[in-house]
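Structure file target_21.txt with compact mmCIF, C-alpha atoms:
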```txt
# COMPACT_ATOMS: atom_id res chain seq x y z
CA MET G 10 0.79 -10.13 -16.75
CA THR G 11 -2.07 -12.47 -15.80
CA VAL G 12 -3.30 -12.94 -12.25
CA ALA G 13 -2.52 -16.68 -12.38
CA SER G 14 1.19 -15.88 -12.49
CA ALA G 15 1.02 -14.48 -8.95
CA PHE G 16 -0.19 -17.72 -7.38
CA GLY G 17 2.35 -20.31 -6.33
CA SER G 18 3.16 -22.18 -3.15
CA ARG G 19 1.82 -19.58 -0.70
CA PRO G 20 -1.19 -17.28 -0.29
CA VAL G 21 -0.95 -13.84 -1.91
CA LEU G 22 -1.80 -10.31 -0.80
CA VAL G 23 -4.13 -8.26 -2.99
CA GLY G 24 -4.05 -4.52 -2.26
CA TYR G 25 -6.70 -2.03 -3.38
CA LEU G 26 -6.42 1.71 -3.91
CA PRO G 27 -8.63 3.96 -6.06
CA ALA G 28 -7.22 5.76 -9.09
CA GLY G 29 -6.86 9.49 -8.69
CA TYR G 30 -6.59 9.74 -4.91
CA PRO G 31 -5.02 11.83 -3.48
CA SER G 32 -4.16 12.83 -7.06
CA VAL G 33 -3.47 10.91 -10.25
CA PRO G 34 0.35 10.95 -9.82
CA GLY G 35 -0.09 10.61 -6.05
CA ALA G 36 -2.13 7.43 -6.48
CA ILE G 37 0.48 5.97 -8.83
CA ASP G 38 3.26 6.70 -6.34
CA ALA G 39 1.20 5.21 -3.49
CA ILE G 40 0.40 2.02 -5.42
CA LYS G 41 4.03 1.56 -6.45
CA ALA G 42 5.05 1.97 -2.79
CA MET G 43 2.47 -0.65 -1.87
CA VAL G 44 3.97 -3.02 -4.46
CA ASP G 45 7.50 -2.45 -3.12
CA ALA G 46 6.20 -3.19 0.39
CA GLY G 47 4.85 -6.63 -0.52
CA VAL G 48 1.55 -6.58 -2.42
CA ASP G 49 1.40 -9.47 -4.92
CA ILE G 50 -1.61 -8.32 -6.96
CA VAL G 51 -2.85 -4.75 -7.34
CA GLU G 52 -6.53 -3.85 -7.52
CA ILE G 53 -7.19 -0.31 -8.78
CA GLY G 54 -10.66 1.13 -8.26
CA LEU G 55 -12.40 3.34 -10.80
CA PRO G 56 -14.02 6.15 -8.76
CA TYR G 57 -17.79 6.05 -9.21
CA SER G 58 -20.56 8.24 -7.84
CA ASP G 59 -23.08 5.45 -7.12
CA PRO G 60 -21.16 2.56 -5.52
CA VAL G 61 -22.85 -0.61 -4.29
CA ILE G 62 -20.22 -2.40 -2.24
CA ASP G 63 -17.90 0.45 -1.19
CA GLY G 64 -17.99 1.47 2.47
CA PRO G 65 -17.51 5.05 3.75
CA VAL G 66 -13.69 5.09 3.55
CA ILE G 67 -13.50 4.09 -0.11
CA GLN G 68 -16.51 6.29 -0.93
CA ALA G 69 -14.76 9.32 0.58
CA ALA G 70 -11.56 8.79 -1.40
CA SER G 71 -13.46 8.05 -4.61
CA GLN G 72 -15.66 11.14 -4.26
CA ALA G 73 -12.60 13.31 -3.67
CA ALA G 74 -11.05 11.91 -6.84
CA LEU G 75 -14.25 12.58 -8.80
CA ASP G 76 -14.43 16.12 -7.42
CA ARG G 77 -10.94 16.70 -8.84
CA GLY G 78 -12.07 15.56 -12.26
CA VAL G 79 -10.67 12.02 -12.40
CA ARG G 80 -11.96 10.10 -15.41
CA THR G 81 -11.60 6.66 -16.98
CA SER G 82 -8.61 7.83 -19.01
CA ASP G 83 -6.82 8.56 -15.71
CA LEU G 84 -7.57 5.01 -14.59
CA ILE G 85 -6.04 3.60 -17.77
CA HIS G 86 -2.96 5.81 -17.30
CA THR G 87 -2.65 4.56 -13.69
CA VAL G 88 -2.95 0.93 -14.79
CA GLU G 89 -0.22 1.44 -17.40
CA ALA G 90 2.16 2.96 -14.83
CA VAL G 91 1.53 0.23 -12.24
CA ALA G 92 1.53 -2.72 -14.64
CA ALA G 93 4.97 -1.59 -15.85
CA THR G 94 6.30 -2.70 -12.45
CA GLY G 95 5.51 -6.29 -13.42
CA VAL G 96 2.83 -6.93 -10.81
CA PRO G 97 -0.56 -8.25 -12.07
CA THR G 98 -2.90 -5.24 -12.11
CA LEU G 99 -6.67 -5.62 -11.97
CA VAL G 100 -9.33 -2.94 -12.17
CA MET G 101 -12.32 -2.99 -9.81
CA THR G 102 -15.22 -1.19 -11.44
CA TYR G 103 -18.97 -1.03 -11.47
CA TRP G 104 -20.50 -1.82 -14.81
CA ASN G 105 -22.13 1.47 -15.79
CA PRO G 106 -18.81 3.31 -16.33
CA VAL G 107 -17.66 0.49 -18.62
CA LEU G 108 -20.89 0.68 -20.62
CA ARG G 109 -20.56 4.47 -20.91
CA TYR G 110 -16.91 4.23 -22.04
CA GLY G 111 -17.73 1.36 -24.41
CA VAL G 112 -17.17 -2.29 -23.49
CA ASP G 113 -14.81 -3.13 -26.35
CA ARG G 114 -13.00 0.22 -26.07
CA PHE G 115 -12.53 -0.33 -22.31
CA ALA G 116 -11.14 -3.83 -22.81
CA THR G 117 -8.86 -2.70 -25.63
CA ASP G 118 -7.45 0.23 -23.65
CA LEU G 119 -7.04 -1.90 -20.50
CA ALA G 120 -5.22 -4.64 -22.37
CA ASN G 121 -2.98 -2.15 -24.20
CA ALA G 122 -2.11 -0.60 -20.81
CA GLY G 123 -0.96 -4.00 -19.53
CA GLY G 124 -3.95 -4.56 -17.23
CA ALA G 125 -4.74 -8.12 -16.18
CA GLY G 126 -8.53 -7.89 -16.09
CA LEU G 127 -11.58 -6.72 -14.16
CA ILE G 128 -13.29 -7.32 -10.84
CA THR G 129 -16.97 -6.51 -11.43
CA PRO G 130 -18.98 -6.44 -8.17
CA ASP G 131 -22.36 -5.51 -9.66
CA LEU G 132 -22.20 -7.61 -12.82
CA ILE G 133 -23.58 -11.15 -12.66
CA PRO G 134 -22.46 -13.75 -15.21
CA ASP G 135 -26.01 -14.05 -16.60
CA GLU G 136 -25.77 -10.44 -17.83
CA ALA G 137 -22.06 -10.42 -18.72
CA ALA G 138 -22.08 -11.80 -22.27
CA ASP G 139 -20.56 -8.64 -23.78
CA TRP G 140 -17.80 -8.49 -21.18
CA LEU G 141 -17.03 -12.23 -21.38
CA ALA G 142 -16.62 -11.97 -25.16
CA VAL G 143 -14.22 -9.02 -25.18
CA ALA G 144 -12.31 -10.30 -22.12
CA ASP G 145 -11.59 -13.54 -23.93
CA LYS G 146 -10.70 -11.59 -27.09
CA HIS G 147 -8.09 -9.57 -25.17
CA ASN G 148 -7.01 -12.35 -22.76
CA LEU G 149 -8.23 -10.42 -19.73
CA ASP G 150 -9.05 -12.08 -16.40
CA LYS G 151 -12.67 -12.08 -15.23
CA VAL G 152 -13.17 -11.97 -11.47
CA PHE G 153 -16.76 -12.29 -10.25
CA LEU G 154 -17.98 -12.26 -6.66
CA VAL G 155 -19.69 -14.88 -4.51
CA SER G 156 -21.05 -14.29 -1.01
CA PRO G 157 -22.23 -16.31 2.00
CA SER G 158 -25.81 -16.03 0.68
CA SER G 159 -24.95 -17.49 -2.74
CA THR G 160 -26.63 -20.79 -3.46
CA ASP G 161 -24.52 -23.75 -4.52
CA ALA G 162 -25.94 -23.41 -8.03
CA ARG G 163 -25.04 -19.69 -8.14
CA ILE G 164 -21.50 -20.40 -6.93
CA ALA G 165 -21.07 -23.07 -9.62
CA SER G 166 -22.35 -20.84 -12.43
CA THR G 167 -20.24 -17.90 -11.26
CA VAL G 168 -16.92 -19.71 -10.92
CA ALA G 169 -17.51 -21.38 -14.29
CA VAL G 170 -16.84 -18.04 -16.01
CA CYS G 171 -14.17 -16.70 -13.63
CA ARG G 172 -10.54 -16.55 -14.63
CA GLY G 173 -7.70 -15.45 -12.34
CA PHE G 174 -9.37 -16.11 -9.02
CA VAL G 175 -12.78 -16.15 -7.37
CA TYR G 176 -13.61 -13.20 -5.08
CA ALA G 177 -15.37 -14.44 -1.94
CA THR G 178 -16.95 -11.64 0.10
CA SER G 179 -16.64 -12.69 3.73
CA VAL G 180 -19.68 -10.78 4.95
CA MET G 181 -23.00 -9.47 3.67
CA GLY G 182 -22.38 -5.73 3.58
CA VAL G 183 -20.02 -3.06 2.33
CA THR G 184 -16.26 -2.73 2.50
CA GLY G 185 -14.59 -1.53 5.68
CA ALA G 186 -12.10 -2.61 8.33
CA ARG G 187 -13.63 -4.76 11.06
CA ALA G 188 -12.48 -5.73 14.55
CA GLN G 189 -12.83 -9.44 13.72
CA THR G 190 -12.76 -11.39 10.51
CA SER G 191 -15.90 -13.20 9.40
CA ASN G 192 -16.57 -16.73 10.63
CA ALA G 193 -18.61 -17.30 7.45
CA ALA G 194 -15.57 -16.98 5.19
CA PRO G 195 -13.98 -20.45 5.76
CA THR G 196 -17.29 -22.15 4.95
CA LEU G 197 -17.74 -20.05 1.81
CA VAL G 198 -14.20 -20.83 0.62
CA SER G 199 -14.82 -24.54 1.21
CA ARG G 200 -18.05 -24.37 -0.83
CA VAL G 201 -16.24 -22.65 -3.72
CA ARG G 202 -13.45 -25.21 -3.70
CA GLN G 203 -15.98 -27.99 -4.16
CA VAL G 204 -16.67 -26.72 -7.69
CA THR G 205 -13.40 -25.18 -8.95
CA ASP G 206 -9.62 -25.42 -8.80
CA LEU G 207 -9.28 -21.64 -9.21
CA PRO G 208 -7.65 -19.75 -6.32
CA VAL G 209 -10.13 -18.21 -3.88
CA GLY G 210 -9.55 -14.71 -2.50
CA VAL G 211 -11.33 -13.41 0.57
CA GLY G 212 -12.16 -9.72 0.92
CA LEU G 213 -13.97 -7.28 3.22
CA GLY G 214 -12.83 -6.52 6.73
CA VAL G 215 -9.09 -7.32 6.98
CA SER G 216 -7.09 -4.47 8.51
CA ASN G 217 -3.91 -5.87 10.09
CA GLY G 218 -1.31 -8.62 9.82
CA GLU G 219 -2.92 -10.84 12.42
CA GLN G 220 -6.23 -10.88 10.55
CA ALA G 221 -4.39 -11.40 7.26
CA ALA G 222 -2.64 -14.46 8.69
CA GLU G 223 -5.98 -15.84 9.87
CA VAL G 224 -7.56 -15.47 6.42
CA ALA G 225 -4.43 -16.81 4.69
CA SER G 226 -4.77 -20.01 6.72
CA PHE G 227 -7.80 -21.02 4.65
CA ALA G 228 -7.80 -18.81 1.50
CA ASP G 229 -5.45 -18.40 -1.47
CA ALA G 230 -5.59 -14.61 -1.47
CA VAL G 231 -6.21 -11.96 1.18
CA ILE G 232 -7.82 -8.84 -0.28
CA VAL G 233 -7.41 -5.55 1.60
CA GLY G 234 -8.93 -2.22 0.60
CA SER G 235 -10.40 0.14 3.18
CA ALA G 236 -7.56 -0.18 5.70
CA LEU G 237 -5.05 0.77 3.00
CA VAL G 238 -7.15 3.65 1.69
CA ARG G 239 -7.53 5.00 5.24
CA CYS G 240 -3.75 5.38 5.46
CA LEU G 241 -3.97 8.03 2.74
CA LEU G 242 -7.30 9.49 3.88
CA ASP G 243 -6.20 10.15 7.46
CA ALA G 244 -2.69 11.44 6.67
CA GLU G 245 -1.63 15.06 7.08
CA ASP G 246 -0.01 15.02 3.64
CA GLU G 247 0.81 12.61 0.81
CA ALA G 248 4.26 11.70 2.13
CA ALA G 249 2.87 10.78 5.54
CA GLY G 250 0.11 8.79 3.87
CA VAL G 251 2.59 6.74 1.84
CA ARG G 252 4.68 6.04 4.96
CA ALA G 253 1.59 4.74 6.77
CA LEU G 254 0.62 2.74 3.68
CA VAL G 255 4.03 1.08 3.49
CA ALA G 256 4.00 0.18 7.19
CA LEU G 257 0.56 -1.41 6.97
CA THR G 258 1.38 -3.27 3.74
CA GLU G 259 4.51 -4.75 5.31
CA ASP G 260 2.44 -5.90 8.31
CA LEU G 261 -0.21 -7.45 6.04
CA ALA G 262 2.40 -9.14 3.82
CA ALA G 263 4.15 -10.63 6.84
CA GLY G 264 0.82 -11.99 8.06
CA VAL G 265 -0.08 -13.50 4.67
CA ARG G 266 3.34 -15.12 4.26
CA GLY G 267 3.49 -16.48 7.81
```
Give the structure from the file, written as structure tokens.
Amino acid sequence: MTVASAFGSRPVLVGYLPAGYPSVPGAIDAIKAMVDAGVDIVEIGLPYSDPVIDGPVIQAASQAALDRGVRTSDLIHTVEAVAATGVPTLVMTYWNPVLRYGVDRFATDLANAGGAGLITPDLIPDEAADWLAVADKHNLDKVFLVSPSSTDARIASTVAVCRGFVYATSVMGVTGARAQTSNAAPTLVSRVRQVTDLPVGVGLGVSNGEQAAEVASFADAVIVGSALVRCLLDAEDEAAGVRALVALTEDLAAGVRG
């Protein structure tokens, strides 16, 4: 299912969890619970040892998954299980693991698993020719990032090759829940909308329903990662983690949907 199918008359909630944490089947169960609780689009992270944009919460969960031997094949298995629920399922990955796995092989396996596409935080369109070609070949969405420091020319060239939505990072920094949402985000969303009709999602910093409602007032998608991962990271056991995850997702979904 493509990401575009999730967008309609209201903003959507995008929820992130890494594959393989707290375990491969545990992550699948947690993501499915998150879907049942109101997430409209799922973003599954591929654990990676040298992240660029991940803050300490996501790094901790990803490293734990790597320590337990999680590999790209586990990510593909997780995508297949989640996509079977019918919710659009994106992968968030740095580019080196895709290169190591093989760009065409990665795209083929992702498409065969029912995945919708990739979010690629450290890949700029200028260097994405291989990915753009195989993504189009397999009808996969291509979500690139823009930030408050992006020039108007960079925003235009980035959104020109996006499909699905445009990922607007609300702050200059790494992921992580913040006490207040960024005041730079509305301006960035407005700048993106001047050059594209694609939906614009805002990520980094949202951790509760009130903040989600604030972001949903000016963006098409509210992207939440660290706050959801922390539910699992701080829990005494997997069952308690899923209960906390469901409660937070319901709060976020209520905020997004007004």
Give one line per residue of region 192-265 of chain G that approaches region 69-75 of chain G to at most 12 Å, naming the two atoms of the closest pair and their distance in Å to one decimal, counting all atoms listed in the file; sort by chain then ascending residue number and deliver it as a Markdown table.
```
| residue | atom | partner | partner_atom | distance |
| --- | --- | --- | --- | --- |
| G:Gly234 | CA | G:Ala70 | CA | 11.5 |
| G:Ser235 | CA | G:Ala70 | CA | 9.9 |
| G:Leu237 | CA | G:Ala70 | CA | 11.2 |
| G:Val238 | CA | G:Ala70 | CA | 7.4 |
| G:Arg239 | CA | G:Ala70 | CA | 8.6 |
| G:Cys240 | CA | G:Ala70 | CA | 10.9 |
| G:Leu241 | CA | G:Ala70 | CA | 8.7 |
| G:Leu242 | CA | G:Ala70 | CA | 6.8 |
| G:Asp243 | CA | G:Ala70 | CA | 10.4 |
```
Can you spit out the residues from that selection as an mmCIF file, in the coordinates of the input, using C-alpha atoms?
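Produced file selection.cif, reproduced below:
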```
data_model
loop_
_atom_site.group_PDB
_atom_site.id
_atom_site.type_symbol
_atom_site.label_atom_id
_atom_site.label_comp_id
_atom_site.auth_asym_id
_atom_site.auth_seq_id
_atom_site.Cartn_x
_atom_site.Cartn_y
_atom_site.Cartn_z
ATOM 1 C CA GLY G 234 -8.930 -2.220 0.600
ATOM 2 C CA SER G 235 -10.400 0.140 3.180
ATOM 3 C CA LEU G 237 -5.050 0.770 3.000
ATOM 4 C CA VAL G 238 -7.150 3.650 1.690
ATOM 5 C CA ARG G 239 -7.530 5.000 5.240
ATOM 6 C CA CYS G 240 -3.750 5.380 5.460
ATOM 7 C CA LEU G 241 -3.970 8.030 2.740
ATOM 8 C CA LEU G 242 -7.300 9.490 3.880
ATOM 9 C CA ASP G 243 -6.200 10.150 7.460
#
```
Selected residue of minimal separation from Leu108 (chain G) among G:Phe153, G:Tyr57, G:Tyr25, G:Trp140, counting only C-alpha atoms
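Among the listed residues, G:Trp140 lies closest to Leu108 (chain G).
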Contacts of Asn217 (chain G) at 10 Å (only C-alpha atoms; same-chain gap of 3+ positions) as a count of residues only
18
Using all atoms listed in the file, list the residues that have an atom at most 10 Å from (-18.2, 4.4, -10.3), coordinates as in the file, as a short mmCIF file (atom, residue, chain, number, x, y, z; two decimals) with C-alpha atoms, in the coordinates of the input.
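Written output follows (out38.cif):
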```cif
data_model
loop_
_atom_site.label_atom_id
_atom_site.label_comp_id
_atom_site.auth_asym_id
_atom_site.auth_seq_id
_atom_site.Cartn_x
_atom_site.Cartn_y
_atom_site.Cartn_z
CA GLY G 54 -10.66 1.13 -8.26
CA LEU G 55 -12.40 3.34 -10.80
CA PRO G 56 -14.02 6.15 -8.76
CA TYR G 57 -17.79 6.05 -9.21
CA SER G 58 -20.56 8.24 -7.84
CA ASP G 59 -23.08 5.45 -7.12
CA PRO G 60 -21.16 2.56 -5.52
CA VAL G 61 -22.85 -0.61 -4.29
CA ASP G 63 -17.90 0.45 -1.19
CA GLN G 68 -16.51 6.29 -0.93
CA SER G 71 -13.46 8.05 -4.61
CA GLN G 72 -15.66 11.14 -4.26
CA LEU G 75 -14.25 12.58 -8.80
CA ARG G 80 -11.96 10.10 -15.41
CA THR G 81 -11.60 6.66 -16.98
CA MET G 101 -12.32 -2.99 -9.81
CA THR G 102 -15.22 -1.19 -11.44
CA TYR G 103 -18.97 -1.03 -11.47
CA TRP G 104 -20.50 -1.82 -14.81
CA ASN G 105 -22.13 1.47 -15.79
CA PRO G 106 -18.81 3.31 -16.33
CA VAL G 107 -17.66 0.49 -18.62
#
```
Can you tell me which residues surround Asp145 (chain G) at a distance of at most 12 Å, considering only C-alpha atoms, apart from same-chain residues fewer than 3 positions away, and format the answer as an MDAnalysis selection string?
chainID G and resid 113 116:117 120 125:127 138:142 148:151 170:172
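Restricting the calculation to only C-alpha atoms, the smallest distance between Val215 (chain G) and any of G:Leu119, G:Leu132, G:Leu22, G:Ala137 is found for G:Leu22.
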A straight line from CA of Gly124 (chain G) to CA of Asp76 (chain G) spans 25.2 Å
Could you give me, as a list in words, the residues within 12 Å of Ile164 (chain G), counting all atoms listed in the file and dropping anything in the same chain fewer than 3 positions from it?
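Surrounding residues, per the criterion: Ile133, Pro134, Phe153, Leu154, Val155, Ser156, Pro157, Ser158, Ser159, Thr160, Asp161, Thr167, Val168, Ala169, Val170, Cys171, Val175, Tyr176, Ala177, Leu197, Val198, Ser199, Arg200, Val201, Arg202, Gln203, Val204, Thr205 and Val209 of chain G.
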Find the smallest box with edges along x, y and z containing every listed atom of region 23-30 of chain G, then add 3 Å on each side and report centre and edge lengths in Å to one decimal, as lines of an AutoDock Vina configuration file.
```
center_x = -6.3
center_y = 0.7
center_z = -5.7
size_x = 10.6
size_y = 24.0
size_z = 12.8
```
In Å, rounded to a single decimal, give me how far CA of Glu245 (chain G) is from CA of Glu52 (chain G).
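Rounded to one decimal, the two atoms are 24.4 Å apart.
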Suppose you want the space between CA of Glu89 (chain G) and CA of Asn121 (chain G); what is it in Å?
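Atom-to-atom, CA of Glu89 (chain G) and CA of Asn121 (chain G) are spaced 8.2 Å apart.
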Using only C-alpha atoms, which residue out of G:Val143, G:Ala42, G:Ile85, G:Ile50 lies closest to Leu254 (chain G)?
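That would be G:Ala42, the residue with the smallest distance to Leu254 (chain G).
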Kindly add N, CA, C and O atoms to the incomplete region 237-259 of chain G and provide the output as a short mmCIF file (atom, residue, chain, number, x, y, z; two decimals), in the coordinates of the input.
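Output saved as result_23.cif:
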```cif
data_model
loop_
_atom_site.label_atom_id
_atom_site.label_comp_id
_atom_site.auth_asym_id
_atom_site.auth_seq_id
_atom_site.Cartn_x
_atom_site.Cartn_y
_atom_site.Cartn_z
N LEU G 237 -6.12 0.13 3.77
CA LEU G 237 -5.05 0.77 3.00
C LEU G 237 -5.45 2.19 2.57
O LEU G 237 -4.65 3.12 2.66
N VAL G 238 -6.69 2.33 2.11
CA VAL G 238 -7.15 3.65 1.69
C VAL G 238 -7.14 4.63 2.87
O VAL G 238 -6.79 5.79 2.73
N ARG G 239 -7.50 4.13 4.06
CA ARG G 239 -7.53 5.00 5.24
C ARG G 239 -6.16 5.58 5.56
O ARG G 239 -6.06 6.70 6.07
N CYS G 240 -5.10 4.84 5.24
CA CYS G 240 -3.75 5.38 5.46
C CYS G 240 -3.56 6.71 4.74
O CYS G 240 -2.95 7.64 5.27
N LEU G 241 -4.09 6.80 3.52
CA LEU G 241 -3.97 8.03 2.74
C LEU G 241 -5.00 9.06 3.19
O LEU G 241 -4.72 10.26 3.25
N LEU G 242 -6.20 8.59 3.53
CA LEU G 242 -7.30 9.49 3.88
C LEU G 242 -7.02 10.23 5.18
O LEU G 242 -7.36 11.41 5.32
N ASP G 243 -6.40 9.55 6.14
CA ASP G 243 -6.20 10.15 7.46
C ASP G 243 -4.88 10.91 7.58
O ASP G 243 -4.63 11.53 8.62
N ALA G 244 -4.03 10.85 6.56
CA ALA G 244 -2.69 11.44 6.67
C ALA G 244 -2.72 12.96 6.54
O ALA G 244 -3.59 13.52 5.87
N GLU G 245 -1.73 13.61 7.17
CA GLU G 245 -1.63 15.06 7.08
C GLU G 245 -1.22 15.52 5.69
O GLU G 245 -1.60 16.60 5.25
N ASP G 246 -0.41 14.70 5.01
CA ASP G 246 -0.01 15.02 3.64
C ASP G 246 0.31 13.71 2.91
O ASP G 246 0.27 12.63 3.50
N GLU G 247 0.61 13.81 1.61
CA GLU G 247 0.81 12.61 0.81
C GLU G 247 2.00 11.78 1.29
O GLU G 247 1.94 10.55 1.32
N ALA G 248 3.07 12.44 1.68
CA ALA G 248 4.26 11.70 2.13
C ALA G 248 3.96 10.89 3.39
O ALA G 248 4.35 9.72 3.50
N ALA G 249 3.23 11.50 4.32
CA ALA G 249 2.87 10.78 5.54
C ALA G 249 1.92 9.62 5.22
O ALA G 249 2.00 8.54 5.83
N GLY G 250 1.03 9.84 4.27
CA GLY G 250 0.11 8.79 3.87
C GLY G 250 0.84 7.58 3.28
O GLY G 250 0.51 6.44 3.59
N VAL G 251 1.82 7.84 2.45
CA VAL G 251 2.59 6.74 1.84
C VAL G 251 3.39 5.99 2.91
O VAL G 251 3.48 4.77 2.88
N ARG G 252 3.94 6.72 3.88
CA ARG G 252 4.68 6.04 4.96
C ARG G 252 3.75 5.11 5.74
O ARG G 252 4.11 3.97 6.05
N ALA G 253 2.56 5.58 6.05
CA ALA G 253 1.59 4.74 6.77
C ALA G 253 1.17 3.55 5.91
O ALA G 253 1.01 2.42 6.40
N LEU G 254 1.01 3.80 4.62
CA LEU G 254 0.62 2.74 3.68
C LEU G 254 1.68 1.64 3.62
O LEU G 254 1.37 0.45 3.64
N VAL G 255 2.93 2.04 3.55
CA VAL G 255 4.03 1.08 3.49
C VAL G 255 4.09 0.25 4.78
O VAL G 255 4.24 -0.98 4.74
N ALA G 256 3.94 0.90 5.91
CA ALA G 256 4.00 0.18 7.19
C ALA G 256 2.88 -0.85 7.29
O ALA G 256 3.11 -2.00 7.72
N LEU G 257 1.68 -0.47 6.90
CA LEU G 257 0.56 -1.41 6.97
C LEU G 257 0.74 -2.55 5.96
O LEU G 257 0.48 -3.72 6.27
N THR G 258 1.18 -2.23 4.75
CA THR G 258 1.38 -3.27 3.74
C THR G 258 2.41 -4.29 4.21
O THR G 258 2.23 -5.50 4.03
N GLU G 259 3.49 -3.82 4.81
CA GLU G 259 4.51 -4.75 5.31
C GLU G 259 3.93 -5.66 6.40
O GLU G 259 4.24 -6.85 6.45
#
```
